[in-house]
>>> print(open('protein_7.pdb').read())   # PDB, C-alpha atoms
ATOM      1  CA  MET A   1      34.303  -8.389  -9.298
ATOM      2  CA  LEU A   2      31.619  -5.720  -8.745
ATOM      3  CA  ASP A   3      28.849  -8.138  -9.680
ATOM      4  CA  HIS A   4      30.239 -10.652  -7.190
ATOM      5  CA  VAL A   5      30.333  -8.044  -4.431
ATOM      6  CA  THR A   6      26.770  -6.917  -5.237
ATOM      7  CA  ALA A   7      25.533 -10.505  -5.094
ATOM      8  CA  GLU A   8      27.168 -10.986  -1.708
ATOM      9  CA  ARG A   9      25.479  -7.864  -0.346
ATOM     10  CA  GLY A  10      22.002  -9.136  -1.157
ATOM     11  CA  ARG A  11      19.135  -8.059  -3.339
ATOM     12  CA  VAL A  12      17.300  -4.726  -3.438
ATOM     13  CA  ALA A  13      13.596  -4.091  -2.834
ATOM     14  CA  ALA A  14      11.381  -1.007  -2.822
ATOM     15  CA  PHE A  15       8.765  -1.007  -0.045
ATOM     16  CA  PHE A  16       5.683   1.134  -0.692
ATOM     17  CA  ASP A  17       3.017   2.164   1.780
ATOM     18  CA  LEU A  18      -0.370   2.067   0.026
ATOM     19  CA  ASP A  19      -2.818   4.760   1.179
ATOM     20  CA  LYS A  20      -1.915   8.320   0.051
ATOM     21  CA  THR A  21       1.403   6.976  -1.234
ATOM     22  CA  VAL A  22       0.348   4.748  -4.135
ATOM     23  CA  ILE A  23      -3.404   5.376  -4.151
ATOM     24  CA  ALA A  24      -5.074   8.711  -3.473
ATOM     25  CA  ARG A  25      -7.527   7.502  -0.825
ATOM     26  CA  SER A  26      -7.857   4.989   1.999
ATOM     27  CA  SER A  27      -7.990   1.461   0.560
ATOM     28  CA  ALA A  28     -10.357   0.400   3.348
ATOM     29  CA  PHE A  29     -12.721   3.328   2.763
ATOM     30  CA  VAL A  30     -13.083   2.944  -1.004
ATOM     31  CA  PHE A  31     -14.802  -0.416  -0.573
ATOM     32  CA  SER A  32     -17.421   0.927   1.863
ATOM     33  CA  LYS A  33     -20.083   1.451  -0.822
ATOM     34  CA  PRO A  34     -19.970  -2.086  -2.273
ATOM     35  CA  PHE A  35     -19.889  -3.450   1.279
ATOM     36  CA  LEU A  36     -23.030  -1.379   1.960
ATOM     37  CA  ASP A  37     -24.675  -2.628  -1.232
ATOM     38  CA  GLN A  38     -23.974  -6.235  -0.226
ATOM     39  CA  GLY A  39     -25.390  -5.753   3.272
ATOM     40  CA  LEU A  40     -22.106  -5.934   5.186
ATOM     41  CA  LEU A  41     -22.214  -2.303   6.311
ATOM     42  CA  SER A  42     -25.004  -0.100   7.632
ATOM     43  CA  ARG A  43     -25.517   3.450   6.402
ATOM     44  CA  ARG A  44     -24.393   4.740   9.781
ATOM     45  CA  ALA A  45     -21.142   2.781   9.488
ATOM     46  CA  VAL A  46     -20.544   4.250   6.032
ATOM     47  CA  LEU A  47     -21.090   7.782   7.360
ATOM     48  CA  GLU A  48     -18.664   7.129  10.205
ATOM     49  CA  SER A  49     -16.114   5.776   7.724
ATOM     50  CA  SER A  50     -16.594   8.845   5.510
ATOM     51  CA  TYR A  51     -15.866  11.177   8.412
ATOM     52  CA  ALA A  52     -12.792   9.185   9.431
ATOM     53  CA  HIS A  53     -11.583   9.260   5.829
ATOM     54  CA  PHE A  54     -12.060  13.033   5.671
ATOM     55  CA  LEU A  55      -9.855  13.469   8.755
ATOM     56  CA  PHE A  56      -7.327  11.035   7.272
ATOM     57  CA  LEU A  57      -7.051  13.073   4.069
ATOM     58  CA  LEU A  58      -6.952  16.346   5.970
ATOM     59  CA  SER A  59      -4.168  15.640   8.413
ATOM     60  CA  GLY A  60      -3.145  12.000   8.274
ATOM     61  CA  ALA A  61      -3.516   9.673  11.241
ATOM     62  CA  ASP A  62      -1.489   9.572  14.427
ATOM     63  CA  HIS A  63      -0.847   6.497  16.562
ATOM     64  CA  ASP A  64      -3.951   6.862  18.737
ATOM     65  CA  GLN A  65      -6.196   7.373  15.710
ATOM     66  CA  MET A  66      -4.742   4.293  14.036
ATOM     67  CA  GLU A  67      -5.376   2.226  17.145
ATOM     68  CA  ARG A  68      -8.978   3.447  17.380
ATOM     69  CA  MET A  69      -9.451   2.712  13.678
ATOM     70  CA  ARG A  70      -8.077  -0.814  14.156
ATOM     71  CA  GLU A  71     -10.462  -1.505  17.030
ATOM     72  CA  HIS A  72     -13.427  -0.073  15.120
ATOM     73  CA  LEU A  73     -12.764  -2.040  11.937
ATOM     74  CA  THR A  74     -12.081  -5.249  13.860
ATOM     75  CA  LYS A  75     -15.416  -5.085  15.678
ATOM     76  CA  MET A  76     -17.279  -3.965  12.564
ATOM     77  CA  CYS A  77     -16.212  -6.894  10.389
ATOM     78  CA  ALA A  78     -16.706  -9.594  13.049
ATOM     79  CA  GLY A  79     -18.912 -12.307  11.563
ATOM     80  CA  TRP A  80     -18.399 -11.260   7.938
ATOM     81  CA  ASP A  81     -18.017 -14.114   5.461
ATOM     82  CA  VAL A  82     -14.432 -14.057   4.173
ATOM     83  CA  ASP A  83     -15.260 -15.440   0.718
ATOM     84  CA  GLN A  84     -17.957 -12.787   0.280
ATOM     85  CA  VAL A  85     -15.489 -10.018   1.118
ATOM     86  CA  ARG A  86     -12.933 -11.380  -1.339
ATOM     87  CA  SER A  87     -15.596 -11.675  -4.030
ATOM     88  CA  ILE A  88     -16.752  -8.075  -3.539
ATOM     89  CA  VAL A  89     -13.177  -6.796  -3.739
ATOM     90  CA  ALA A  90     -12.470  -8.797  -6.907
ATOM     91  CA  GLU A  91     -15.660  -7.627  -8.621
ATOM     92  CA  THR A  92     -15.231  -3.938  -7.784
ATOM     93  CA  LEU A  93     -11.434  -3.531  -7.846
ATOM     94  CA  HIS A  94     -11.216  -2.159 -11.377
ATOM     95  CA  ASP A  95     -13.994   0.412 -11.039
ATOM     96  CA  ILE A  96     -13.212   1.610  -7.508
ATOM     97  CA  VAL A  97      -9.453   1.483  -6.975
ATOM     98  CA  ASP A  98      -7.992   1.721 -10.465
ATOM     99  CA  PRO A  99      -8.802   5.425 -11.096
ATOM    100  CA  LEU A 100      -7.133   6.322  -7.783
ATOM    101  CA  ILE A 101      -3.604   5.132  -8.609
ATOM    102  CA  TYR A 102      -1.090   7.972  -8.620
ATOM    103  CA  ALA A 103       0.565   8.153 -12.038
ATOM    104  CA  GLU A 104       3.821   9.191 -10.361
ATOM    105  CA  ALA A 105       3.707   6.106  -8.129
ATOM    106  CA  ALA A 106       3.027   3.797 -11.078
ATOM    107  CA  ASP A 107       5.978   5.233 -12.973
ATOM    108  CA  LEU A 108       8.235   5.008  -9.922
ATOM    109  CA  ILE A 109       7.266   1.366  -9.441
ATOM    110  CA  ALA A 110       8.037   0.732 -13.106
ATOM    111  CA  ASP A 111      11.435   2.399 -12.733
ATOM    112  CA  HIS A 112      12.336   0.185  -9.770
ATOM    113  CA  ARG A 113      11.365  -2.907 -11.738
ATOM    114  CA  ILE A 114      13.529  -1.842 -14.683
ATOM    115  CA  ARG A 115      16.447  -1.451 -12.253
ATOM    116  CA  GLY A 116      15.936  -5.059 -11.136
ATOM    117  CA  HIS A 117      14.416  -4.226  -7.746
ATOM    118  CA  ASP A 118      11.564  -6.184  -6.205
ATOM    119  CA  VAL A 119       8.455  -4.116  -5.449
ATOM    120  CA  ILE A 120       6.578  -4.733  -2.197
ATOM    121  CA  ILE A 121       3.367  -3.145  -0.907
ATOM    122  CA  VAL A 122       3.246  -2.772   2.892
ATOM    123  CA  SER A 123      -0.116  -1.660   4.268
ATOM    124  CA  ALA A 124      -2.109  -1.575   7.499
ATOM    125  CA  SER A 125      -5.247  -2.426   5.496
ATOM    126  CA  GLY A 126      -6.533  -5.980   5.393
ATOM    127  CA  GLU A 127      -4.833  -8.505   3.143
ATOM    128  CA  GLU A 128      -8.113  -9.247   1.325
ATOM    129  CA  MET A 129      -7.972  -5.697  -0.078
ATOM    130  CA  VAL A 130      -4.211  -5.252  -0.315
ATOM    131  CA  ALA A 131      -3.443  -8.501  -2.164
ATOM    132  CA  PRO A 132      -5.416  -7.751  -5.373
ATOM    133  CA  ILE A 133      -4.258  -4.115  -5.409
ATOM    134  CA  ALA A 134      -0.648  -5.271  -5.081
ATOM    135  CA  ALA A 135      -1.218  -7.743  -7.917
ATOM    136  CA  ALA A 136      -2.698  -5.015 -10.129
ATOM    137  CA  LEU A 137       0.403  -2.905  -9.496
ATOM    138  CA  GLY A 138       2.671  -5.782 -10.453
ATOM    139  CA  ALA A 139       4.183  -6.013  -6.971
ATOM    140  CA  ASP A 140       6.355  -9.031  -6.211
ATOM    141  CA  HIS A 141       5.089  -9.382  -2.631
ATOM    142  CA  PHE A 142       2.872  -7.642  -0.105
ATOM    143  CA  ALA A 143       2.465  -7.390   3.653
ATOM    144  CA  ALA A 144      -0.874  -6.476   5.223
ATOM    145  CA  THR A 145      -3.003  -6.847   8.323
ATOM    146  CA  ARG A 146      -4.386 -10.357   8.886
ATOM    147  CA  MET A 147      -7.592 -11.060  10.752
ATOM    148  CA  VAL A 148      -8.316 -14.229  12.711
ATOM    149  CA  ILE A 149     -10.635 -16.448  10.653
ATOM    150  CA  GLU A 150     -12.835 -19.151  12.168
ATOM    151  CA  ASN A 151     -15.156 -21.329  10.090
ATOM    152  CA  GLY A 152     -14.813 -19.018   7.090
ATOM    153  CA  LYS A 153     -15.767 -15.866   9.029
ATOM    154  CA  TYR A 154     -13.838 -13.075  10.704
ATOM    155  CA  ALA A 155     -13.613 -13.720  14.434
ATOM    156  CA  GLY A 156     -13.259 -10.058  15.434
ATOM    157  CA  GLU A 157      -9.591 -10.350  16.375
ATOM    158  CA  VAL A 158      -6.355  -9.320  14.681
ATOM    159  CA  GLU A 159      -3.754 -12.004  13.999
ATOM    160  CA  PHE A 160      -1.109  -9.574  12.706
ATOM    161  CA  TYR A 161      -1.360  -5.772  12.623
ATOM    162  CA  CYS A 162       0.824  -4.444   9.813
ATOM    163  CA  TYR A 163       1.371  -1.030  11.343
ATOM    164  CA  GLY A 164       4.306   0.807  12.941
ATOM    165  CA  LYS A 165       6.783  -1.756  14.227
ATOM    166  CA  GLY A 166       4.596  -4.439  12.669
ATOM    167  CA  LYS A 167       5.627  -3.144   9.242
ATOM    168  CA  VAL A 168       9.277  -3.465  10.264
ATOM    169  CA  GLU A 169       8.625  -7.029  11.411
ATOM    170  CA  ALA A 170       7.061  -7.848   8.041
ATOM    171  CA  ILE A 171       9.883  -6.161   6.118
ATOM    172  CA  GLU A 172      12.599  -7.952   8.090
ATOM    173  CA  LYS A 173      10.840 -11.275   7.566
ATOM    174  CA  LEU A 174      10.695 -10.662   3.797
ATOM    175  CA  ALA A 175      14.353  -9.565   3.822
ATOM    176  CA  ALA A 176      15.392 -12.808   5.475
ATOM    177  CA  GLN A 177      13.232 -14.862   3.113
ATOM    178  CA  TYR A 178      14.352 -13.209  -0.130
ATOM    179  CA  ASP A 179      17.865 -12.059   0.809
ATOM    180  CA  TYR A 180      17.243  -8.297   0.694
ATOM    181  CA  ASP A 181      20.027  -6.029   1.898
ATOM    182  CA  LEU A 182      17.958  -3.436   3.753
ATOM    183  CA  SER A 183      20.827  -0.941   3.711
ATOM    184  CA  ARG A 184      20.412  -0.829  -0.094
ATOM    185  CA  CYS A 185      16.603  -0.960  -0.115
ATOM    186  CA  TYR A 186      14.065   1.846  -0.597
ATOM    187  CA  ALA A 187      10.894   2.785   1.297
ATOM    188  CA  TYR A 188       8.130   5.275   0.537
ATOM    189  CA  SER A 189       5.390   6.554   2.846
ATOM    190  CA  ASP A 190       3.233   9.590   3.601
ATOM    191  CA  SER A 191       2.806   9.160   7.360
ATOM    192  CA  VAL A 192       4.920   9.878  10.421
ATOM    193  CA  THR A 193       3.515   6.630  11.857
ATOM    194  CA  ASP A 194       5.679   4.850   9.260
ATOM    195  CA  LEU A 195       8.951   6.234  10.640
ATOM    196  CA  PRO A 196      10.021   2.714  11.745
ATOM    197  CA  MET A 197       9.514   1.446   8.181
ATOM    198  CA  LEU A 198      11.477   4.342   6.691
ATOM    199  CA  GLU A 199      14.289   4.059   9.234
ATOM    200  CA  VAL A 200      14.914   0.378   8.541
ATOM    201  CA  VAL A 201      16.064   0.949   4.925
ATOM    202  CA  GLY A 202      19.014   2.777   3.451
ATOM    203  CA  HIS A 203      16.950   4.953   1.069
ATOM    204  CA  PRO A 204      13.812   6.375   2.741
ATOM    205  CA  THR A 205      11.576   8.857   0.912
ATOM    206  CA  ALA A 206       8.585  10.858   2.144
ATOM    207  CA  VAL A 207       5.662  10.981  -0.309
ATOM    208  CA  ASN A 208       2.872  13.538   0.215
ATOM    209  CA  PRO A 209       4.059  13.708   3.844
ATOM    210  CA  ASP A 210       1.882  14.747   6.754
ATOM    211  CA  ARG A 211       3.251  17.523   8.963
ATOM    212  CA  GLY A 212       5.068  15.169  11.306
ATOM    213  CA  LEU A 213       6.817  13.274   8.530
ATOM    214  CA  ARG A 214       7.664  16.480   6.688
ATOM    215  CA  ARG A 215       9.482  17.747   9.796
ATOM    216  CA  GLU A 216      11.339  14.458  10.184
ATOM    217  CA  ALA A 217      12.304  14.368   6.501
ATOM    218  CA  ALA A 218      13.669  17.917   6.669
ATOM    219  CA  ALA A 219      15.641  17.167   9.827
ATOM    220  CA  ARG A 220      17.118  13.967   8.403
ATOM    221  CA  GLY A 221      17.697  15.202   4.856
ATOM    222  CA  TRP A 222      15.334  12.659   3.304
ATOM    223  CA  PRO A 223      13.921  13.268  -0.188
ATOM    224  CA  VAL A 224      10.309  14.479  -0.398
ATOM    225  CA  LEU A 225       8.079  13.657  -3.381
ATOM    226  CA  THR A 226       4.665  15.047  -4.281
ATOM    227  CA  PHE A 227       2.228  12.746  -6.073
ATOM    228  CA  SER A 228      -0.902  14.543  -7.314
ATOM    229  CA  ASN A 229      -2.168  12.877 -10.493
ATOM    230  CA  PRO A 230      -4.524   9.908  -9.902
ATOM    231  CA  VAL A 231      -5.073   7.985 -13.136
ATOM    232  CA  SER A 232      -6.211   4.621 -14.408
ATOM    233  CA  LEU A 233      -3.612   1.890 -14.785
ATOM    234  CA  TRP A 234      -5.708   0.482 -17.633
ATOM    235  CA  ALA A 235      -5.968   3.755 -19.571
ATOM    236  CA  ARG A 236      -3.483   2.540 -22.199
ATOM    237  CA  ILE A 237      -4.842  -1.002 -22.523
ATOM    238  CA  PRO A 238      -8.168  -2.903 -22.364
ATOM    239  CA  ALA A 239      -9.626  -3.429 -18.899
ATOM    240  CA  PRO A 240      -8.761  -6.827 -17.389
ATOM    241  CA  THR A 241     -11.160  -9.385 -16.006
ATOM    242  CA  THR A 242     -11.260  -9.862 -12.241
ATOM    243  CA  THR A 243     -11.676 -13.618 -12.225
ATOM    244  CA  THR A 244      -8.109 -14.242 -11.123
ATOM    245  CA  VAL A 245      -5.437 -12.186  -9.401
ATOM    246  CA  ALA A 246      -2.875 -13.637 -11.781
ATOM    247  CA  ALA A 247      -4.600 -12.122 -14.807
ATOM    248  CA  THR A 248      -4.824  -8.763 -13.036
ATOM    249  CA  ALA A 249      -1.134  -8.844 -12.198
ATOM    250  CA  ALA A 250      -0.154  -9.640 -15.789
ATOM    251  CA  VAL A 251      -2.053  -6.653 -17.184
ATOM    252  CA  GLY A 252      -0.759  -4.422 -14.403
ATOM    253  CA  LEU A 253       2.816  -5.275 -15.305
ATOM    254  CA  GLY A 254       2.151  -4.269 -18.913
ATOM    255  CA  ALA A 255       0.773  -0.900 -17.827
ATOM    256  CA  LEU A 256       3.714  -0.246 -15.523
ATOM    257  CA  ALA A 257       6.218  -1.112 -18.232
ATOM    258  CA  ALA A 258       4.530   1.359 -20.566
ATOM    259  CA  GLY A 259       4.736   4.063 -17.907
ATOM    260  CA  ALA A 260       8.416   3.499 -17.241
ATOM    261  CA  LEU A 261       9.553   5.238 -20.426
ATOM    262  CA  THR A 262       7.656   8.391 -19.469
ATOM    263  CA  TYR A 263       9.218   8.397 -16.015
ATOM    264  CA  ARG A 264      12.732   7.976 -17.349
ATOM    265  CA  LEU A 265      12.277  10.753 -19.911
ATOM    266  CA  LEU A 266      11.072  13.077 -17.163
ATOM    267  CA  ARG A 267      14.098  12.209 -15.061
ATOM    268  CA  ARG A 268      16.450  13.022 -17.942
ATOM    269  CA  ARG A 269      14.825  16.430 -18.403
ATOM    270  CA  GLY A 270      15.174  17.245 -14.690
TER     271      GLY A 270
END
>>> encode(input="protein_7.pdb", output="structure tokens")
Amino acid sequence: MLDHVTAERGRVAAFFDLDKTVIARSSAFVFSKPFLDQGLLSRRAVLESSYAHFLFLLSGADHDQMERMREHLTKMCAGWDVDQVRSIVAETLHDIVDPLIYAEAADLIADHRIRGHDVIIVSASGEEMVAPIAAALGADHFAATRMVIENGKYAGEVEFYCYGKGKVEAIEKLAAQYDYDLSRCYAYSDSVTDLPMLEVVGHPTAVNPDRGLRREAAARGWPVLTFSNPVSLWARIPAPTTTTVAATAAVGLGALAAGALTYRLLRRRG
């Protein structure tokens, strides 16, 4: 009877913000050097990105800062060749992003998978960067910002901005598509700008929260987690090739499964 009731109530998913929640830095910023090396960025643009990233790490980003960042990145990448961007991300993913994965996040993802929950990455970064990172983490789905593409190049316009209420729109669309019961789902984020995303699920959690989110979490009685140990997902196994996202995802799943035992043992000791 309980299984029948659970089935009627829908499936469960865990929605994870990416930057400062799963990885220790901005996913957009970490690719600035290879973009510079390939001629997509100027040195001035890299310096500007470095300063913005410093402020992001220091205090998070409020709504106005996120809007300015969106406008800046949109104009900056206008005219870039989409296939070139995807190729750069694929070639550099292992060396650049992999050492920045929080061990605590990897183990938490593994725990959700063991419990039969789908894992979904929801990020304001571009889908060309988010998709392979989500695959490496073994995520079932992802939602990210989409740029308008014309003739294989970025047109300098945003088709869908996966930020604020946009994240809720993406989550609700996934819930309808895959029969998630949002009242039983989980969400994790570091930023007060993700309040809409956290409010839409039954089990919100603040991770490395900025000051605004910390206040909200305390007022609402939400759990607060601290992730502080960036590690390599491939530390336990040979490094994967980057020729296909599918291969990356398969290895990522193996790493997460290995980490799950550690996480569960820690939980039993607590």
>>> residues_around(input="protein_7.pdb", residues="A:Thr21", least_positions_apart="6", cutoff="12 Å", atoms="all atoms listed in the file", output="PDB file with C-alpha atoms, in the frame of the given file")
ATOM      1  CA  PHE A  15       8.765  -1.007  -0.045  1.00  0.00           C
ATOM      2  CA  SER A  27      -7.990   1.461   0.560  1.00  0.00           C
ATOM      3  CA  LEU A  57      -7.051  13.073   4.069  1.00  0.00           C
ATOM      4  CA  GLY A  60      -3.145  12.000   8.274  1.00  0.00           C
ATOM      5  CA  LEU A 100      -7.133   6.322  -7.783  1.00  0.00           C
ATOM      6  CA  ILE A 101      -3.604   5.132  -8.609  1.00  0.00           C
ATOM      7  CA  TYR A 102      -1.090   7.972  -8.620  1.00  0.00           C
ATOM      8  CA  ALA A 103       0.565   8.153 -12.038  1.00  0.00           C
ATOM      9  CA  GLU A 104       3.821   9.191 -10.361  1.00  0.00           C
ATOM     10  CA  ALA A 105       3.707   6.106  -8.129  1.00  0.00           C
ATOM     11  CA  ALA A 106       3.027   3.797 -11.078  1.00  0.00           C
ATOM     12  CA  LEU A 108       8.235   5.008  -9.922  1.00  0.00           C
ATOM     13  CA  ILE A 109       7.266   1.366  -9.441  1.00  0.00           C
ATOM     14  CA  ILE A 121       3.367  -3.145  -0.907  1.00  0.00           C
ATOM     15  CA  VAL A 122       3.246  -2.772   2.892  1.00  0.00           C
ATOM     16  CA  SER A 123      -0.116  -1.660   4.268  1.00  0.00           C
ATOM     17  CA  ALA A 187      10.894   2.785   1.297  1.00  0.00           C
ATOM     18  CA  TYR A 188       8.130   5.275   0.537  1.00  0.00           C
ATOM     19  CA  SER A 189       5.390   6.554   2.846  1.00  0.00           C
ATOM     20  CA  ASP A 190       3.233   9.590   3.601  1.00  0.00           C
ATOM     21  CA  SER A 191       2.806   9.160   7.360  1.00  0.00           C
ATOM     22  CA  ASP A 194       5.679   4.850   9.260  1.00  0.00           C
ATOM     23  CA  THR A 205      11.576   8.857   0.912  1.00  0.00           C
ATOM     24  CA  ALA A 206       8.585  10.858   2.144  1.00  0.00           C
ATOM     25  CA  VAL A 207       5.662  10.981  -0.309  1.00  0.00           C
ATOM     26  CA  ASN A 208       2.872  13.538   0.215  1.00  0.00           C
ATOM     27  CA  PRO A 209       4.059  13.708   3.844  1.00  0.00           C
ATOM     28  CA  ASP A 210       1.882  14.747   6.754  1.00  0.00           C
ATOM     29  CA  VAL A 224      10.309  14.479  -0.398  1.00  0.00           C
ATOM     30  CA  LEU A 225       8.079  13.657  -3.381  1.00  0.00           C
ATOM     31  CA  THR A 226       4.665  15.047  -4.281  1.00  0.00           C
ATOM     32  CA  PHE A 227       2.228  12.746  -6.073  1.00  0.00           C
ATOM     33  CA  SER A 228      -0.902  14.543  -7.314  1.00  0.00           C
ATOM     34  CA  ASN A 229      -2.168  12.877 -10.493  1.00  0.00           C
ATOM     35  CA  PRO A 230      -4.524   9.908  -9.902  1.00  0.00           C
TER      36      PRO A 230
END
>>> closest_residue(input="protein_7.pdb", among="A:Gly156, A:Phe16, A:Ser232, A:Ala90", to="A:Pro204", atoms="all atoms listed in the file")
A:Phe16
>>> residues_near_point(input="protein_7.pdb", point="(17.4, -4.5, -7.8)", cutoff="9 Å", atoms="all atoms listed in the file", output="number ranges by chain")
A: 11-14, 112-118, 185
>>> write_last_selection(input="protein_7.pdb", atoms="C-alpha atoms", output="short mmCIF file (atom, residue, chain, number, x, y, z; two decimals), keeping the file's coordinate frame")
data_model
loop_
_atom_site.label_atom_id
_atom_site.label_comp_id
_atom_site.auth_asym_id
_atom_site.auth_seq_id
_atom_site.Cartn_x
_atom_site.Cartn_y
_atom_site.Cartn_z
CA ARG A 11 19.14 -8.06 -3.34
CA VAL A 12 17.30 -4.73 -3.44
CA ALA A 13 13.60 -4.09 -2.83
CA ALA A 14 11.38 -1.01 -2.82
CA HIS A 112 12.34 0.18 -9.77
CA ARG A 113 11.36 -2.91 -11.74
CA ILE A 114 13.53 -1.84 -14.68
CA ARG A 115 16.45 -1.45 -12.25
CA GLY A 116 15.94 -5.06 -11.14
CA HIS A 117 14.42 -4.23 -7.75
CA ASP A 118 11.56 -6.18 -6.20
CA CYS A 185 16.60 -0.96 -0.12
#
>>> atom_distance(input="protein_7.pdb", atom1="atom CA of A:Ala217", atom2="atom CA of A:Ala131")
29.1 Å
>>> resolve_selection(input="protein_7.pdb", expression="the PyMOL selection byres ((chain A and resi 82) around 9)", output="list in words")
Gly79, Trp80, Asp81, Asp83, Gln84, Val85, Arg86, Ser87, Glu128, Ile149, Gly152, Lys153 and Tyr154 of chain A
